[in-house]
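Enquirer: Attaching a single structure in structure tokens format; questions to follow.
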Amino acid sequence: MDDFKRVNPKSFKEMIESLPAGEIDRIHQLQHEQALDEHRRFKEHYEREECYLCGKPFKTLSKSAPCIHWLLRRCKFKAKDFSKVYQAFDYHQISSYLRWVANQERFQGNINDLVDEKGERKVIQTTIKWKNIEWTFDCSKTDYEGHGGSNSSFPHYHFQMRIDGKQFINFNSHHIRFSEKDLFNLDLVHQSPDLVKHSFGPGGSGMQDAVEVDPEFILQHTVATENEDEATYHMQTMVMAEDEPIKGEYLQALIEESRATGKPMASLLSERLGDGAKVNTIIFPVDRIPDIAKRTERKRR
Ligand SMILES: [Zn+2]
Ligand SMILES: [Zn+2]
């Protein structure tokens, strides 16, 4: 039987609330600095095609030291060795790592964790794309509760990996146990979804974060890209002149300025035209985000 001890998120919340306000800020600040530092180390290694966890090149595989970088498949990793990876690293560690990797290629747009696209019965359903590889994490409410046969009677998730669109690791081959820390995080998010969000660190955000950002912030901080493959958002701007019609040359000049400076048209327009025109901008996520790979669940007995 499972002798797993669940941490009680409720008493944790009470504990947090009993702390003096300054103390929570101090802990947050410290955690934030540690997270930034870890991500900086990750990035430095990534740029040299090395793994910051084990310090070895991505193309190295040492059987004695299983590592998450095996999943990038730059080494001779075989699907049958996958269990070694998840026995050494938990859900949070594996998913953060893969998110960080995907974000190096394209920020947020490679990670489909959109709540709107998640199945109703799912606790987790996220697809992450990087180069020719696609990873999917899938956990239904039943998996989370740990109902099932003897090999799945504990809280677990499922994982799929495709290479060049072909199956490499199948969803149903593994029931991957959540760690105590994973469950603690998931329970907290589950209990107070408005207060707590599962954070994958400064380099780990996906499309859900992208769509939750305040539109004003997007307008002010977004840089226009030449290439759609690198983009996170699409913007469509409609301009309606209030008094005088806006001259074509004027718009042309703004378009050129947008190209030269990387400032989105939408923010240039609302800045320059001010009260003279109504500027409406619709911001939506790029079309080319990965589809969430669907798992067909076996019939429960
Ligand atoms: Zn490694
Ligand atoms: Zn399952």
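Here, A, B, ... name the chains of the structure tokens in the order displayed, residue numbers run from 1 inside each chain, and ligands are numbered from 1 in the same displayed order.
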Identify, counting only C-alpha atoms and all ligand atoms, the protein, DNA and RNA residues located within 10 Å of ligand 1, and give them as a count of residues only.
Expert: 21
Enquirer: Among the residues of stretch 112-201 of chain A, find those DSSP assigns to strand (DSSP E) from the backbone and print them as a VMD selection string.
Expert: chain A and resid 112 122 to 130 133 to 140 156 to 163 166 to 169 176 to 177
Enquirer: Counting only C-alpha atoms and all ligand atoms, what are the residues, protein, DNA or RNA alike, that approach ligand 2 to within 12 Å? I want them as a PyMOL selection string.
Expert: chain A and resi 122-123+137-159+171-178+295-300
Enquirer: Save the residues we just selected, N, CA and C atoms, as a tab-separated table (two decimals), in the first residue's frame?
Expert:
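And here is the file that came out, again.tsv:
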chain	number	residue	atom	x	y	z
A	122	LYS	N	-9.43	17.22	-16.77
A	122	LYS	CA	-7.97	17.21	-16.63
A	122	LYS	C	-7.48	18.14	-15.53
A	123	VAL	N	-6.49	17.66	-14.81
A	123	VAL	CA	-5.79	18.51	-13.85
A	123	VAL	C	-4.62	19.19	-14.58
A	137	PHE	N	2.29	16.50	-21.10
A	137	PHE	CA	1.98	16.04	-19.74
A	137	PHE	C	0.47	15.96	-19.63
A	138	ASP	N	-0.02	14.88	-19.09
A	138	ASP	CA	-1.47	14.68	-19.02
A	138	ASP	C	-1.82	14.01	-17.69
A	139	CYS	N	-2.74	14.66	-16.96
A	139	CYS	CA	-3.19	14.08	-15.70
A	139	CYS	C	-4.67	14.34	-15.55
A	140	SER	N	-5.47	13.29	-15.54
A	140	SER	CA	-6.91	13.47	-15.35
A	140	SER	C	-7.21	13.45	-13.86
A	141	LYS	N	-8.44	13.82	-13.52
A	141	LYS	CA	-8.81	13.80	-12.10
A	141	LYS	C	-8.65	12.41	-11.50
A	142	THR	N	-8.96	11.40	-12.28
A	142	THR	CA	-8.82	10.02	-11.79
A	142	THR	C	-7.36	9.68	-11.52
A	143	ASP	N	-6.48	10.09	-12.42
A	143	ASP	CA	-5.04	9.86	-12.21
A	143	ASP	C	-4.59	10.55	-10.93
A	144	TYR	N	-5.08	11.76	-10.76
A	144	TYR	CA	-4.68	12.58	-9.62
A	144	TYR	C	-5.14	11.97	-8.30
A	145	GLU	N	-6.32	11.36	-8.35
A	145	GLU	CA	-6.83	10.72	-7.14
A	145	GLU	C	-6.19	9.36	-6.92
A	146	GLY	N	-5.59	8.83	-7.96
A	146	GLY	CA	-4.90	7.55	-7.82
A	146	GLY	C	-5.82	6.34	-7.83
A	147	HIS	N	-6.97	6.51	-8.48
A	147	HIS	CA	-7.85	5.35	-8.63
A	147	HIS	C	-7.31	4.49	-9.75
A	148	GLY	N	-7.49	3.22	-9.66
A	148	GLY	CA	-7.04	2.36	-10.73
A	148	GLY	C	-6.46	1.08	-10.20
A	149	GLY	N	-5.86	0.31	-11.10
A	149	GLY	CA	-5.28	-0.98	-10.71
A	149	GLY	C	-4.07	-0.81	-9.80
A	150	SER	N	-3.44	-1.92	-9.46
A	150	SER	CA	-2.35	-1.88	-8.49
A	150	SER	C	-1.16	-1.05	-8.99
A	151	ASN	N	-1.02	-0.96	-10.32
A	151	ASN	CA	0.14	-0.19	-10.82
A	151	ASN	C	-0.19	1.29	-11.04
A	152	SER	N	-1.39	1.69	-10.61
A	152	SER	CA	-1.72	3.11	-10.75
A	152	SER	C	-2.57	3.61	-9.58
A	153	SER	N	-2.45	2.94	-8.43
A	153	SER	CA	-3.28	3.31	-7.28
A	153	SER	C	-2.65	4.41	-6.44
A	154	PHE	N	-1.93	5.29	-7.11
A	154	PHE	CA	-1.30	6.41	-6.42
A	154	PHE	C	-1.43	7.62	-7.36
A	155	PRO	N	-1.34	8.85	-6.82
A	155	PRO	CA	-1.48	10.02	-7.70
A	155	PRO	C	-0.35	10.05	-8.74
A	156	HIS	N	-0.74	10.11	-10.00
A	156	HIS	CA	0.28	10.03	-11.06
A	156	HIS	C	-0.13	10.83	-12.29
A	157	TYR	N	0.83	10.99	-13.19
A	157	TYR	CA	0.53	11.64	-14.48
A	157	TYR	C	1.02	10.76	-15.61
A	158	HIS	N	0.64	11.12	-16.83
A	158	HIS	CA	1.07	10.39	-18.02
A	158	HIS	C	1.89	11.32	-18.91
A	159	PHE	N	2.74	10.73	-19.72
A	159	PHE	CA	3.68	11.52	-20.52
A	159	PHE	C	3.79	10.93	-21.92
A	171	PHE	N	1.63	7.59	-23.95
A	171	PHE	CA	0.93	7.99	-22.72
A	171	PHE	C	0.71	6.81	-21.76
A	172	ASN	N	0.22	5.71	-22.32
A	172	ASN	CA	-0.22	4.64	-21.43
A	172	ASN	C	0.87	3.71	-20.95
A	173	SER	N	2.10	3.95	-21.39
A	173	SER	CA	3.20	3.07	-20.96
A	173	SER	C	3.64	3.31	-19.53
A	174	HIS	N	3.39	4.52	-19.02
A	174	HIS	CA	3.89	4.83	-17.68
A	174	HIS	C	2.85	5.53	-16.82
A	175	HIS	N	2.82	5.16	-15.56
A	175	HIS	CA	2.04	5.89	-14.56
A	175	HIS	C	3.09	6.54	-13.67
A	176	ILE	N	3.28	7.82	-13.85
A	176	ILE	CA	4.42	8.46	-13.20
A	176	ILE	C	3.99	9.13	-11.90
A	177	ARG	N	4.60	8.69	-10.83
A	177	ARG	CA	4.25	9.13	-9.49
A	177	ARG	C	4.62	10.60	-9.28
A	178	PHE	N	3.70	11.38	-8.74
A	178	PHE	CA	4.03	12.75	-8.33
A	178	PHE	C	4.86	12.68	-7.06
A	295	ARG	N	-4.91	12.31	-25.18
A	295	ARG	CA	-4.73	10.93	-24.74
A	295	ARG	C	-6.07	10.23	-24.72
A	296	THR	N	-6.13	9.06	-25.31
A	296	THR	CA	-7.35	8.27	-25.18
A	296	THR	C	-7.19	7.41	-23.94
A	297	GLU	N	-8.06	7.71	-22.97
A	297	GLU	CA	-7.97	6.95	-21.73
A	297	GLU	C	-8.62	5.59	-21.90
A	298	ARG	N	-7.98	4.60	-21.31
A	298	ARG	CA	-8.57	3.26	-21.37
A	298	ARG	C	-9.81	3.22	-20.49
A	299	LYS	N	-10.70	2.34	-20.85
A	299	LYS	CA	-11.91	2.18	-20.04
A	299	LYS	C	-11.53	1.67	-18.66
A	300	ARG	N	-12.14	2.30	-17.66
A	300	ARG	CA	-11.87	1.83	-16.30
A	300	ARG	C	-12.71	0.62	-15.99
Enquirer: Return the single residue from A:Ser64, A:Thr281, A:Asn103, A:Gln125 that is closest to A:Val85, with distances computed using only C-alpha atoms.
Expert: A:Ser64
Enquirer: Write out as a list in words each polymer residue whose atoms come within 8 Å of A:Ala35, counting only C-alpha atoms; drop sequence neighbours fewer than 3 positions from it.
Expert: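 My list of contacting residues is Gln31, His32, Glu38, His39, Gly201 and Pro202 of chain A.
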Enquirer: Taking only C-alpha atoms into account, name the residue in A:Thr232, A:Gln167, A:Ser205, A:Thr136 that is nearest to A:Lys294.
Expert: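 Residue with the minimum atom-to-atom distance to A:Lys294: A:Thr136.
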Enquirer: Compare A:Asn110, A:Gln160, A:Gln208, A:Asn280 by their minimum atom-to-atom distance to A:Ala231, counting only C-alpha atoms, and give me the closest one.
Expert: A:Asn110
Enquirer: Run DSSP on the backbone and tell me which residues of stretch 80-276 of chain A come out as helix (DSSP H, G or I); list them as a VMD selection string.
Expert: chain A and resid 80 to 88 91 to 105 115 to 117 141 to 145 150 to 152 171 to 173 180 to 191 207 to 212 215 to 221 228 to 230 248 to 261 265 to 276
Enquirer: Find the distance between atom CA of A:Ile124 and atom CA of A:Phe184 and write it in Å to one decimal.
Expert: 14.7 Å
Enquirer: At what distance in Å, to one decimal, does atom CA of A:Phe200 lie from atom CA of A:Ala21?
Expert: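 So the two atoms, atom CA of A:Ala21 and atom CA of A:Phe200, lie 24.2 Å apart.
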Enquirer: Using only C-alpha atoms, determine which residues lie at most 12 Å from A:Asn227, disregarding the query and same-chain residues fewer than 4 positions distant; provide the list as a VMD selection string.
Expert: chain A and resid 106 223 231 to 234 259 262 286
